[in-house]
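**Q** Sending over a structure as structure tokens; questions will come in a sec.
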Amino acid sequence: MTSGFMLENQTIEFPTTPEEERRIIKELSRKADSEVREGSTYYVLSTKWYLNWKKYTEQPVGLWPSSSPGPIDNSDIIVSDQSSNAEDPQLRGTLLERRDYVLLSEEAWGRLYSWYEGGPVIARKMIAVGDSKQLVVEMFPLCLRLIDSRDDSECLVRLSKKASLGELYEVVCRLKGVDPGKARIVDYFNKWKQSVLVALNGRTLEDSDLIMNQHILLEVHNDDDRSWPYSFGTGSIGNTLSRILFGGDVKDEYDSIFRSVRKPIKRGTAGLQNLGNTCFMDSALQCLVHTPPISDYFLKDYTDEINQENPLGTNGNLALAFGELLRDLWSCEEPAVAPRMFKGILGRFAPQFSGYNQHDSQELLAFLLDGLHEDLNRIKQKPYIEAKDYDGRPDEEVADELWRYHKARNDSIIVDVFQGQYKSTLVCPICNKISYTFDPFMYLSLPLPSTATRDMTVTVFHGDGSGLPAPYTITVLKQGCCKDLIQALGTACDLRTDEYLLLAEVFLHKIHRYFEDPAEELATIVDSDRIVAYRLPKRASDLTRLEITHRLLQKSYAFYGPHGKDLTPLVTFLEDPESDSDIDVAVNRVLAPFRREGFSCAIDNGVLGIKSSPPFSLTNDRQIARDTVGRFVGISLDWNERDCELYDADSLKDLPEVQNTGPALKKPKQEEAISLFSCLDAFLEEEPLGPDDMWYCPNCKEHRQATKKLDLWRLPEVLVFHLKRFSYSRWLKNKLETLVDFPIRNLDLSDYVKGRDSGERSNVYELYAVSNHSGRLGGGHYTANCRLIEGRGWYEFNDHLVSSIKEKEIKTSEAYVLFYRRKTSNASKGTTQQHKGRRVKKDGRVKKRLKKYLGVKLGSLF
């Protein structure tokens with residue numbers, strides 16, 4: 001008997017099995033993915049509850065059932081502060097998709113909610129962001145702090161950033177009981193009147209540069225004379241300003257007031273306000289602003305170089321916004337600048353940065369350098385250049401030719417300052433064909449070779465049925481790759497020269513993934529994973545792989561037990577994948593070591609049934625079910641009580657974790673510091689390409705997993721090193737806290753540069769800026785350490801907080817992106833003289849260009 005509920009005027013029956021639940025949600029999610037559109041509603045679901053539900057619904061039919069996940073529980077992803085409206089629960093600000101939450105379509109959520117209830121219900125809308133109209137779910141609607149000028153009371157207003165100003169007026173006036181004809185709303189950022197928000201032409205909150213948690217001010221005009229209040233908030237300074245801004249000599253009184261209350265700041269030490277998780281942006285911007293050739297360039301009139309014809313650029317918007325921000329930082333007399341306009345422009349052209357989530361400072365830097373280059377590319381019409389044959393020609397000749405070709409299509413201040421060139425050599429593993437090219441680079445992403453080791457337990461199975469599985473615990477470098485693990489494991493299990501190891505992860509008694517990329521980092525394997533390796537003959541790599549999973553019938557309860565212990569899948573090979581008899585032979589072969597003494601090993605009718613999902617064929621009263629994809633066949637074995645008597649499958653149970661993380665383990669030793677040179681060596685080391693990055697060998701006429709070797713050929717004026725501290729697994733991102741010992745002065749790279757002109761220019765560099773990251777990615781914090789252009793002092797830029805630091809404090813395990821400038825006898829003399837003793841003036845011509853390109857009115861609108 002079934003019961004049902006009403007949803008959208010339809011009666012929905014409860015599913016009869018957990019497997020049916022999974023099928024329904026999967027189909028509804030697939031349907032929603034094919035119909036994504038702006039305005040669609042999505043529901044936020046806790047990953048913790050979702051994984052429990054997946055485990056419940058993915059168990060094979062007939063197994064001892066795991067417990068139901070219970071009512072939906074989203075309590076771990078909402079703010080615990082009960083002051084928030086219970087009918088509108090707010091999400092925690094540090095959430096990451098998949099790690100903390102998943103998104104369900106409206107219909108899929110409706111089904112789950114009807115089956116389990118619980119909550120709270122958290123609905124979010126799909127919106128189109130940026131000029132590219134990229135569709136994203138708006139996880140965090142814009143929260144504005146509304147101040148009523150009549151009584152200085154404050155309340156919160158939440159709206160989508162795509163809501164119009166007209167909608168904002170409706171919400172505010174309804175909330176405050178004000179006639180819309182008598183009200184106006186003012187952009188009150190930092191509690192200073194910026195501009196009146198005029199609801200015209202469908203202008204949105206996003207278009208108005210309103211940001212998360214900023215203030216807006218409600219003003220109601222006087223019924224007697226229809227005048228507006230002039231208050232700027234509370235305090236004597238605000239009251240004085242309200243008088244002088246509307247009468248008297250504004251400049252003299254303004255300067256007089258602030259000279260008495262503000263200490264002048266040292267040039268180059270202005271901070272950047274955090275606009276809501278924008279510390280990553282502040283850190284990257286400070287490093288660029290303190291890059292001498294970039295500062296020089298943008299303090300001059302650069303507008304003649306703006307390329308509005310480049311389809312790869314932003315019509316100059318990004319360059320103008322960055323230049324205006326840089327001028328603000330160099331000319332302001334206040335402790336910090338609010339980069340609101342820059343963030344608005346950034347969000348328009350890079351929607352991934354448009355919200356208020358934490359991001360990566362290096363990812364922003366990469367986009368910003370590329371965007372500035374395209375906006376400032378001096379090449380208006382890129383010439384077509386036909387590639388030439390490089391075989392037999394000297395490297396110097398080919399490298400210079402390719403650099404000229406690159407400069408013929410890409411010529412900007414960014415190329416002048418940041419771009420270098422490296423040589424890339426590929427070798428075919430089959431025919432040994434060597435191919436090379438010379439490519440430009442903007443920065444170098446260096447791996448962090450670790451001195452720390454890690455014990456890993458892997459269970460090795462015999463794919464040819466020659467023995468029982470056995471676990472091996474080996475020691476590998478913590479930051480090694482799968483190739484290192486396979487080599488160490490092969491030594492431990494006495495792997496023969498005619499065998500190879502196929503590494504896999506088992507999850508919920510199924511093979512979750514194969515590790516077929518030898519370069520994949522071991523950091524993607526967490527301690528709780530269960531890893532197996534199948535010993536297979538090398539010739540099996542050219543045969544069809546047979547993957548065998550297990551299903552236990554309910555009547556075999558005594559064998560299976562009440563705790564849901566899983567049987568590990570087996571992997572072997574097939575000589576002829578079209579032959580059912582070959583499958584029988586392969587299954588017999590791989591199960592032979594598990595057969596109890598005194599029993600025949602043949603698989604006959606009624607002993608072991610081979611089953612799977614349709615399509616299937618019926619042979620000797622047995623269902624032979626296959627899932628055949630390319631060179632892969634998957635089957636399922638149904639175990640009954642008689643099977644359990646014939647075979648001892650205990651060694652297929654209780655697969656050990658990679659590492660027991662219990663309290664008995666000793667605390668790992670502190671990792672030793674590594675040098676920047678060892679990171680560079682690892683970057684330049686020869687390594688195989690991944691299976692998703694195969695190279696087409698022109699000799700073999702096939703895609704091959706070639707080996708790749710990089711060499712530095714020419715270095716740029718500013719050399720940026722990105723230290724790859726973050727590694728990725730299924731649900732979270734991990735961070736390496738390794739201390740990298742990097743030179744502050746005299747970084748000599750002469751021995752690394754292979755180009756002919758390496759001796760003509762200095763290859764010695766000095767550090768001038770560092771982007772730092774502390775804490776965990778997603779919930780951590782970014783700062784910057786920069787050396788002032790005017791002088792040699794170092795300062796820490798922590799958003800709006802700026803303080804001097806000692807040079808010895810620069811080297812920490814938080815260093816993430818390093819900025820070096822080529823050292824010459826007069827490297828900084830010109831810049832220092834240009835800046836020294838003069839104020840940076842706002843160029844009227846730049847202002848006009850900004851108005852023209854951006855369509856905004858800059859500065860005070862009062």
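Residue names in the structure tokens use chain letters A, B, ... in the order shown, residue numbers from 1 in each chain, and ligand numbers from 1 in the order shown.
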So which residues touch A:Asn201 within 10 Å, counting only C-alpha atoms, skipping near sequence neighbours fewer than 2 positions away, as a PyMOL selection string?

**A** chain A and resi 164-166+198-199+203-204

**Q** Enumerate, in order of chain and increasing residue number, the residues of stretch 55-132 of chain A with an atom no farther than 7 Å from stretch 332-353 of chain A, each with its shortest atom pair and distance in Å to one decimal, counting only C-alpha atoms, as a Markdown table.

**A**
| residue | atom | partner | partner_atom | distance |
| --- | --- | --- | --- | --- |
| A:Val129 | CA | A:Pro351 | CA | 5.8 |
| A:Gly130 | CA | A:Arg348 | CA | 3.8 |
| A:Asp131 | CA | A:Arg348 | CA | 5.3 |

**Q** Just C-alpha atoms for this one: save the residues we selected as a PDB file, in the first residue's frame.

**A**
ATOM      1  CA  VAL A 129      25.848  37.869 -13.938  1.00  0.00           C
ATOM      2  CA  GLY A 130      28.368  39.921 -15.869  1.00  0.00           C
ATOM      3  CA  ASP A 131      28.307  41.045 -19.470  1.00  0.00           C
TER       4      ASP A 131
END

**Q** Which residue out of A:Arg496, A:Lys483, A:Lys31, A:Arg98 has the minimum interatomic distance to A:Val44 when only C-alpha atoms are used?

**A**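 Checking each candidate against A:Val44, we get A:Arg98 as the closest.
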
**Q** Between A:Arg822, A:His359, A:His550, A:His221, which one has atoms that come closest to A:Ser283, using only C-alpha atoms?

**A**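 The closest residue to A:Ser283 is A:His359.
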
**Q** Pick out the residues sitting within 7 Å of A:Ile674, and hand them over as JSON, numbers by chain; count only C-alpha atoms, and ignore anything fewer than 2 positions along from it in its own chain.

**A** {"A": [672, 676, 678, 739, 740, 741]}

**Q** Using DSSP assignments from the backbone, pull out every residue in stretch 84-197 of chain A that falls under helix (DSSP H, G or I) and give it to me as a ChimeraX atom specification.

**A** /A:106-116,165-176,180-182,189-191

**Q** Do you have, as a Markdown table, the list of residues of stretch 423-512 of chain A lying at most 12 Å from stretch 405-412 of chain A, each with its nearest atom pair and that distance in Å to one decimal, counting only C-alpha atoms and ordered by chain then number?

**A**
| residue | atom | partner | partner_atom | distance |
| --- | --- | --- | --- | --- |
| A:Phe438 | CA | A:His406 | CA | 10.3 |
| A:Asp439 | CA | A:His406 | CA | 8.8 |
| A:Pro440 | CA | A:His406 | CA | 7.9 |
| A:Phe441 | CA | A:His406 | CA | 11.2 |

**Q** Based on the selection just made, write C-alpha atoms of those residues as an mmCIF file, in the first residue's frame.

**A**
data_model
loop_
_atom_site.group_PDB
_atom_site.id
_atom_site.type_symbol
_atom_site.label_atom_id
_atom_site.label_comp_id
_atom_site.auth_asym_id
_atom_site.auth_seq_id
_atom_site.Cartn_x
_atom_site.Cartn_y
_atom_site.Cartn_z
ATOM 1 C CA PHE A 438 58.963 28.047 -27.313
ATOM 2 C CA ASP A 439 55.997 29.504 -25.446
ATOM 3 C CA PRO A 440 55.446 32.758 -23.514
ATOM 4 C CA PHE A 441 54.607 32.735 -19.808
#

**Q** What residues in stretch 435-565 of chain A get the DSSP label strand (DSSP E)? Please answer as a PyMOL selection string.

**A** chain A and resi 435-441+444-446+453-462+470-477+499-507+510-514+530-537+544-552

**Q** Give me the stretch 267-331 of chain A side of the contact with stretch 771-795 of chain A, cut-off 10 Å, one line per residue showing its nearest atom pair and distance in Å at one decimal, counting only C-alpha atoms, sorted by chain and residue number, as a tab-separated table.

**A**
residue	atom	partner	partner_atom	distance
A:Arg267	CA	A:Glu790	CA	7.9
A:Gly268	CA	A:Leu788	CA	6.4
A:Thr269	CA	A:Tyr795	CA	7.6
A:Asn277	CA	A:His781	CA	8.5
A:Thr278	CA	A:Tyr782	CA	8.8
A:Cys279	CA	A:Tyr782	CA	5.3
A:Phe280	CA	A:Tyr782	CA	5.3
A:Met281	CA	A:Tyr782	CA	8.5
A:Asp282	CA	A:Thr783	CA	7.6
A:Ser283	CA	A:Ala784	CA	4.9
A:Ala284	CA	A:Ser771	CA	6.5
A:Leu285	CA	A:Ala784	CA	9.0
A:Gln286	CA	A:Ala784	CA	6.7
A:Cys287	CA	A:Cys786	CA	6.5
A:Leu288	CA	A:Cys786	CA	9.6
A:Val289	CA	A:Cys786	CA	9.5
A:His290	CA	A:Ile789	CA	6.5
A:Thr291	CA	A:Ile789	CA	7.9
A:Pro292	CA	A:Ile789	CA	6.4
A:Ser295	CA	A:Ile789	CA	9.1

**Q** Please measure the separation of atom CA of A:Gly316 and atom CA of A:Asp301, giving the value in Å to one decimal.

**A**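 That distance, rounded to one decimal, is 13.7 Å.
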